[in-house]
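Peer 1: First the structure, then my questions, so here it is.
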Amino acid sequence: MINEIRQKVAAHFAEIQAIRHHIHAHPELSFEEYQTSNFIASKLTEYGITNQTVVAGTGIIALIEGKNPGKCCIALRSELDALPILEANNVAYRSQNDGVMHACGHDVHTTCLLSAARILNEMKDEWEGTIKLIFQPGEEKHPGGASLLIAAGVLENPRPQAIIAQHVYPTLPAGVVGFRSGQYMASTDEIYITVEGKGGHAALPNTTIDPIAIAAQLITNLQQVVSRKANPIIPTVLSFGRISGGHVNNVIPDKVEIEGTFRTMDEKWRNEAHQWIREITYHTCAAYGATSTVAIPKGYPSLFNDPAFTAQAESWAKQFLGDNNVKLLDLRMTADDFAFYSHEIPGCFYRLGTNRGGTEFTASVHNAHFDIDEDALKTGTGLMTWLALNALGQQETVNS
């Protein structure tokens, strides 16, 4: 069956590339992926996959039924949205929507899932169960399309026994993939703090309550959350990326706004840390006579790869690619809303190498120069197909 999959990938490769080029050239921002959604729907229909449902405005859920479709179900997920980045690559498939770019590889993920779906549908007489295809909007924007799809029932009717997703990884070469069982990626929460004091002339600071000086002290004090409140063995990051207050050099403003991010891999500690951030902010500001407001809208939870299912997927990947082409991944403090799925059903989120020889296509994701060695499309399509088929077979064994 491995050879059959490889042969089909090779036979379809020209179209696989064309699909990626089309999606890359027509990027759309989170929850605005209407053209992308229509393109996917038309391709699925062209491939004979007509059981489709539109969810959350631009998301598409499609089912491929093999023999005995009620026996088990496996879900495969990709994302549709792009980023507000002006592309710097000079390629024929360069973004035609200036200021928007597929700089996180979602065009790759969608291309691979579409192409794997085509092959799985062509082979549906060879397997039992149901494949649920999830083309998800809005991974890059709070609250994350995954949470909206779950609320809309994407994990029901039928309920998948497991879910699989892949993500580009320019650290690894094309043809190589990476796995990690258990905790893999961090939760991510946004922090919005306002410090309100009393403005006035900068030459008369004694008549003011200086929110700039207080904000500086506050940011220093908040580092205690990581250095003194967190268990040292729990990965934790608290960073501030924006501070805004005042307009000229000789006027102390009335207020300062601070924005940051909090990330960790422990959900209990995550909630405790939020409370510490609020308390430290309140008491620091109060000590200097200022008032404060704190908003911490909850973002994505930590991404947990089910150990048993991920170990199986890693072994299947070694069968398909060879032991030397399957690597162990390090923990990452970045985030992905696939985490929502991973807290509901067993999940496996793995990495797809995309560089060439470690010297080309090495620009990181979220970078205006990001691009891939398109041999990665062969690996991404073929391996996704192979993992889905093996996962169906494994669930048949478990459920029998």
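By order of appearance in the structure tokens: chains A, B, ..., then residues from 1 within every chain, and ligands from 1 in the order shown.
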Enumerate, as a list in words, the complete set of residues in region 180-241 of chain A that a backbone-based DSSP assignment places in strand (DSSP E or B).
Peer 2: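 Put together, the selection reads Gly182, Gln183, Tyr184, Met185, Thr188, Asp189, Glu190, Ile191, Tyr192, Ile193, Thr194, Val195, Glu196, Lys198, Gly200, His201, Ile209, Thr236, Val237, Leu238, Ser239, Phe240 and Gly241 of chain A.
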Peer 1: Show which residues sit within 8 Å of region 188-197 of chain A, as a PyMOL selection string. Count only C-alpha atoms, and ignore same-chain residues fewer than 6 positions away.
Peer 2: chain A and resi 208-211+214-215+253-264+285+289-302+334-335
Peer 1: Mind writing the picked residues with C-alpha atoms as a CSV table (one decimal), in the first residue's frame?
Peer 2:
chain,number,residue,atom,x,y,z
A,208,THR,CA,1.5,64.0,39.2
A,209,ILE,CA,1.0,60.3,39.6
A,210,ASP,CA,3.3,59.2,36.8
A,211,PRO,CA,1.9,56.2,35.0
A,214,ILE,CA,4.6,53.0,37.6
A,215,ALA,CA,4.4,51.0,34.4
A,253,PRO,CA,0.4,61.4,30.6
A,254,ASP,CA,-2.7,60.3,32.5
A,255,LYS,CA,-2.4,56.7,31.5
A,256,VAL,CA,-0.2,54.0,30.0
A,257,GLU,CA,-1.3,50.9,28.1
A,258,ILE,CA,0.7,47.7,28.3
A,259,GLU,CA,0.2,44.5,26.1
A,260,GLY,CA,1.8,41.2,26.5
A,261,THR,CA,1.5,37.4,26.3
A,262,PHE,CA,1.5,34.6,28.9
A,263,ARG,CA,2.4,31.1,27.9
A,264,THR,CA,2.8,27.8,29.8
A,285,CYS,CA,-0.3,50.6,41.0
A,289,GLY,CA,-1.6,56.0,44.0
A,290,ALA,CA,-2.6,54.8,40.6
A,291,THR,CA,-5.5,52.6,39.5
A,292,SER,CA,-5.4,49.8,37.0
A,293,THR,CA,-7.4,47.5,34.8
A,294,VAL,CA,-6.3,44.0,33.7
A,295,ALA,CA,-7.9,41.9,30.9
A,296,ILE,CA,-6.5,38.4,30.1
A,297,PRO,CA,-8.8,36.9,27.5
A,298,LYS,CA,-8.0,33.2,27.4
A,299,GLY,CA,-6.4,32.0,24.2
A,300,TYR,CA,-5.4,28.5,23.1
A,301,PRO,CA,-4.7,25.8,25.7
A,302,SER,CA,-1.5,23.9,25.7
A,334,THR,CA,4.6,28.8,20.4
A,335,ALA,CA,1.0,27.8,20.2
Peer 1: Find the residues near Asp98 (chain A): any atom within 9 Å, counting only C-alpha atoms, skip ones fewer than 5 places away on the same chain, and give them as a VMD selection string.
Peer 2: chain A and resid 84 to 87
Peer 1: Could you name the residues that touch Glu28 (chain A) at 8 Å or less, counting only C-alpha atoms, but leaving out those on the same chain fewer than 5 positions away, as a list of chain:residue names?
Peer 2: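 Answer for this query is A:Glu33, A:Tyr34, A:Gln35, A:Thr36, A:Leu80, A:Asp81, A:Ala82, A:Leu83, A:Asn97, A:Val100, A:Met101.
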Peer 1: For the selection you just gave me, I'd like the residues written to a file as a tab-separated table (two decimals), in the first residue's frame, keeping N, CA and C atoms.
Peer 2:
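Once everything was written out, this is again-v2.tsv:
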chain	number	residue	atom	x	y	z
A	33	GLU	N	-11.80	33.81	4.71
A	33	GLU	CA	-11.24	32.91	3.70
A	33	GLU	C	-12.30	32.40	2.72
A	34	TYR	N	-13.10	33.31	2.18
A	34	TYR	CA	-14.23	32.91	1.34
A	34	TYR	C	-13.79	32.31	0.01
A	35	GLN	N	-12.85	32.95	-0.67
A	35	GLN	CA	-12.37	32.41	-1.94
A	35	GLN	C	-11.65	31.08	-1.73
A	36	THR	N	-10.86	31.01	-0.67
A	36	THR	CA	-10.16	29.76	-0.37
A	36	THR	C	-11.15	28.65	-0.10
A	80	LEU	N	-6.90	27.45	6.98
A	80	LEU	CA	-7.11	28.18	5.74
A	80	LEU	C	-6.51	29.58	5.72
A	81	ASP	N	-6.27	30.18	6.89
A	81	ASP	CA	-6.00	31.61	6.93
A	81	ASP	C	-4.53	31.95	6.73
A	82	ALA	N	-4.31	33.20	6.32
A	82	ALA	CA	-2.97	33.74	6.11
A	82	ALA	C	-2.72	34.86	7.11
A	83	LEU	N	-1.56	35.49	6.99
A	83	LEU	CA	-1.13	36.51	7.94
A	83	LEU	C	-1.03	37.90	7.29
A	97	ASN	N	-2.37	39.48	-3.10
A	97	ASN	CA	-3.11	40.31	-2.15
A	97	ASN	C	-2.08	41.00	-1.26
A	100	VAL	N	-0.94	40.61	2.61
A	100	VAL	CA	-1.42	39.34	3.16
A	100	VAL	C	-0.59	38.22	2.54
A	101	MET	N	-0.17	37.27	3.37
A	101	MET	CA	0.75	36.23	2.89
A	101	MET	C	0.55	34.93	3.67
Peer 1: Residues at most 8 Å from Gly380 (chain A), counting only C-alpha atoms, excluding those fewer than 6 positions away in the same chain, as a tab-separated table (two decimals) with C-alpha atoms, in the first residue's frame?
Peer 2:
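As written to disk, out.tsv reads:
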chain	number	residue	atom	x	y	z
A	109	HIS	CA	-1.31	22.16	5.01
A	112	CYS	CA	-1.63	18.29	1.46
A	166	GLN	CA	0.76	18.51	10.38
A	352	LEU	CA	6.72	18.58	8.24
Peer 1: Per DSSP on the backbone, filter region 164-318 of chain A down to the residues in alpha helix (DSSP H) and report them as a VMD selection string.
Peer 2: chain A and resid 211 to 222 224 267 to 287 307 to 318
Peer 1: Would you mind listing what lies within 10 Å of Tyr184 (chain A) as a PyMOL selection string, with only C-alpha atoms counted and same-chain residues fewer than 6 positions away left out?
Peer 2: chain A and resi 265+302-305+329-335+339+349-350
Peer 1: For N, CA and C atoms, I'd like the residues from the last selection saved as a PDB file, in the first residue's frame.
Peer 2:
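What ended up in selection_28.pdb:
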ATOM      1  N   MET A 265       2.644  25.406  30.020  1.00  0.00           N
ATOM      2  CA  MET A 265       2.223  24.073  29.611  1.00  0.00           C
ATOM      3  C   MET A 265       1.482  23.334  30.728  1.00  0.00           C
ATOM      4  N   SER A 302      -2.715  24.574  26.128  1.00  0.00           N
ATOM      5  CA  SER A 302      -1.477  23.897  25.741  1.00  0.00           C
ATOM      6  C   SER A 302      -1.804  22.715  24.838  1.00  0.00           C
ATOM      7  N   LEU A 303      -0.916  22.451  23.905  1.00  0.00           N
ATOM      8  CA  LEU A 303      -1.143  21.381  22.937  1.00  0.00           C
ATOM      9  C   LEU A 303      -0.557  20.080  23.466  1.00  0.00           C
ATOM     10  N   PHE A 304      -1.426  19.087  23.617  1.00  0.00           N
ATOM     11  CA  PHE A 304      -1.050  17.795  24.183  1.00  0.00           C
ATOM     12  C   PHE A 304      -1.226  16.709  23.130  1.00  0.00           C
ATOM     13  N   ASN A 305      -0.125  16.060  22.775  1.00  0.00           N
ATOM     14  CA  ASN A 305      -0.186  14.938  21.850  1.00  0.00           C
ATOM     15  C   ASN A 305      -0.405  13.644  22.636  1.00  0.00           C
ATOM     16  N   LEU A 329      11.026  15.975  18.398  1.00  0.00           N
ATOM     17  CA  LEU A 329      10.907  17.428  18.476  1.00  0.00           C
ATOM     18  C   LEU A 329      11.168  17.938  19.889  1.00  0.00           C
ATOM     19  N   ASP A 330      11.711  19.142  19.988  1.00  0.00           N
ATOM     20  CA  ASP A 330      11.847  19.819  21.267  1.00  0.00           C
ATOM     21  C   ASP A 330      10.525  20.483  21.650  1.00  0.00           C
ATOM     22  N   LEU A 331      10.353  20.745  22.935  1.00  0.00           N
ATOM     23  CA  LEU A 331       9.220  21.541  23.385  1.00  0.00           C
ATOM     24  C   LEU A 331       9.264  22.919  22.724  1.00  0.00           C
ATOM     25  N   ARG A 332       8.085  23.501  22.496  1.00  0.00           N
ATOM     26  CA  ARG A 332       8.011  24.841  21.906  1.00  0.00           C
ATOM     27  C   ARG A 332       7.024  25.682  22.698  1.00  0.00           C
ATOM     28  N   MET A 333       7.399  26.961  22.899  1.00  0.00           N
ATOM     29  CA  MET A 333       6.506  27.865  23.607  1.00  0.00           C
ATOM     30  C   MET A 333       5.596  28.638  22.652  1.00  0.00           C
ATOM     31  N   THR A 334       5.631  28.280  21.373  1.00  0.00           N
ATOM     32  CA  THR A 334       4.635  28.790  20.434  1.00  0.00           C
ATOM     33  C   THR A 334       3.329  28.038  20.659  1.00  0.00           C
ATOM     34  N   ALA A 335       2.290  28.412  19.931  1.00  0.00           N
ATOM     35  CA  ALA A 335       0.973  27.825  20.177  1.00  0.00           C
ATOM     36  C   ALA A 335       0.250  27.566  18.866  1.00  0.00           C
ATOM     37  N   ALA A 339      -4.667  22.662  19.686  1.00  0.00           N
ATOM     38  CA  ALA A 339      -4.714  22.284  21.094  1.00  0.00           C
ATOM     39  C   ALA A 339      -6.141  22.062  21.585  1.00  0.00           C
ATOM     40  N   PHE A 349      -0.170  16.009  16.522  1.00  0.00           N
ATOM     41  CA  PHE A 349       0.238  17.182  15.760  1.00  0.00           C
ATOM     42  C   PHE A 349       1.736  17.032  15.506  1.00  0.00           C
ATOM     43  N   TYR A 350       2.102  16.813  14.240  1.00  0.00           N
ATOM     44  CA  TYR A 350       3.512  16.564  13.930  1.00  0.00           C
ATOM     45  C   TYR A 350       4.034  17.626  12.968  1.00  0.00           C
TER      46      TYR A 350
END
Peer 1: For Leu44 (chain A), work out the shell of residues within 10 Å, counting only C-alpha atoms and skipping chain neighbours fewer than 4 positions away, then give it as a list in words.
Peer 2: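 Non-adjacent residues within range: Asn38, Phe39, Ile40, Gly48, Ile49, Thr50, Asn51, Gln52, Ala62, Leu114, Ser115, Ala117, Arg118 and Asn121 of chain A.
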Peer 1: Given only C-alpha atoms as the basis, pick out the residue of A:Phe179, A:Phe361, A:Phe320, A:Phe340 nearest to Lys378 (chain A).
Peer 2: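 Ranking A:Phe179, A:Phe361, A:Phe320, A:Phe340 by distance to Lys378 (chain A), first place goes to A:Phe320.
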Peer 1: Using only C-alpha atoms, can you tell me which of A:Asn250, A:Asp337, A:Glu344, A:Ser187 comes closest to Pro143 (chain A)?
Peer 2: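 When distances to Pro143 (chain A) are compared using only C-alpha atoms, the smallest one comes from A:Asp337.
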Peer 1: Which residue out of A:Lys327, A:Lys67, A:His343, A:Lys198 has the minimum interatomic distance to Ala146 (chain A) when only C-alpha atoms are used?
Peer 2: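 Answer, going by the shortest atom-to-atom distance: A:His343.
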Peer 1: Hey, which of A:Ile2, A:Leu133, A:Leu172, A:Ala286 ends up closest to Thr362 (chain A)? Count only C-alpha atoms.
Peer 2: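 Between A:Ile2, A:Leu133, A:Leu172, A:Ala286, the residue approaching Thr362 (chain A) most closely is A:Leu172.
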Peer 1: Work out how far CA of Gly66 (chain A) is from CA of Lys124 (chain A), in Å to one decimal.
Peer 2: 4.6 Å
Peer 1: One decimal, in Å: what's the spacing between CA of Gly246 (chain A) and CA of Ala203 (chain A)?
Peer 2: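 Rounded to one decimal, the two atoms are 14.8 Å apart.
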Peer 1: Can you work out which one of A:Arg6, A:Ile74, A:Glu79, A:Thr359 has the shortest atom-to-atom distance to Ser30 (chain A), counting only C-alpha atoms?
Peer 2: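 With only C-alpha atoms as the atom set, the closest residue is A:Glu79.
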Peer 1: Find, counting only C-alpha atoms, the residue in A:Ala165, A:Ala311, A:Ile119, A:Cys73 that gets nearest to Gly393 (chain A).
Peer 2: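 Nearest candidate to Gly393 (chain A) out of A:Ala165, A:Ala311, A:Ile119, A:Cys73: A:Cys73.
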Peer 1: Work out how far CA of Gly144 (chain A) is from CA of Val225 (chain A), in Å to one decimal.
Peer 2: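 These two atoms are separated by 26.2 Å.
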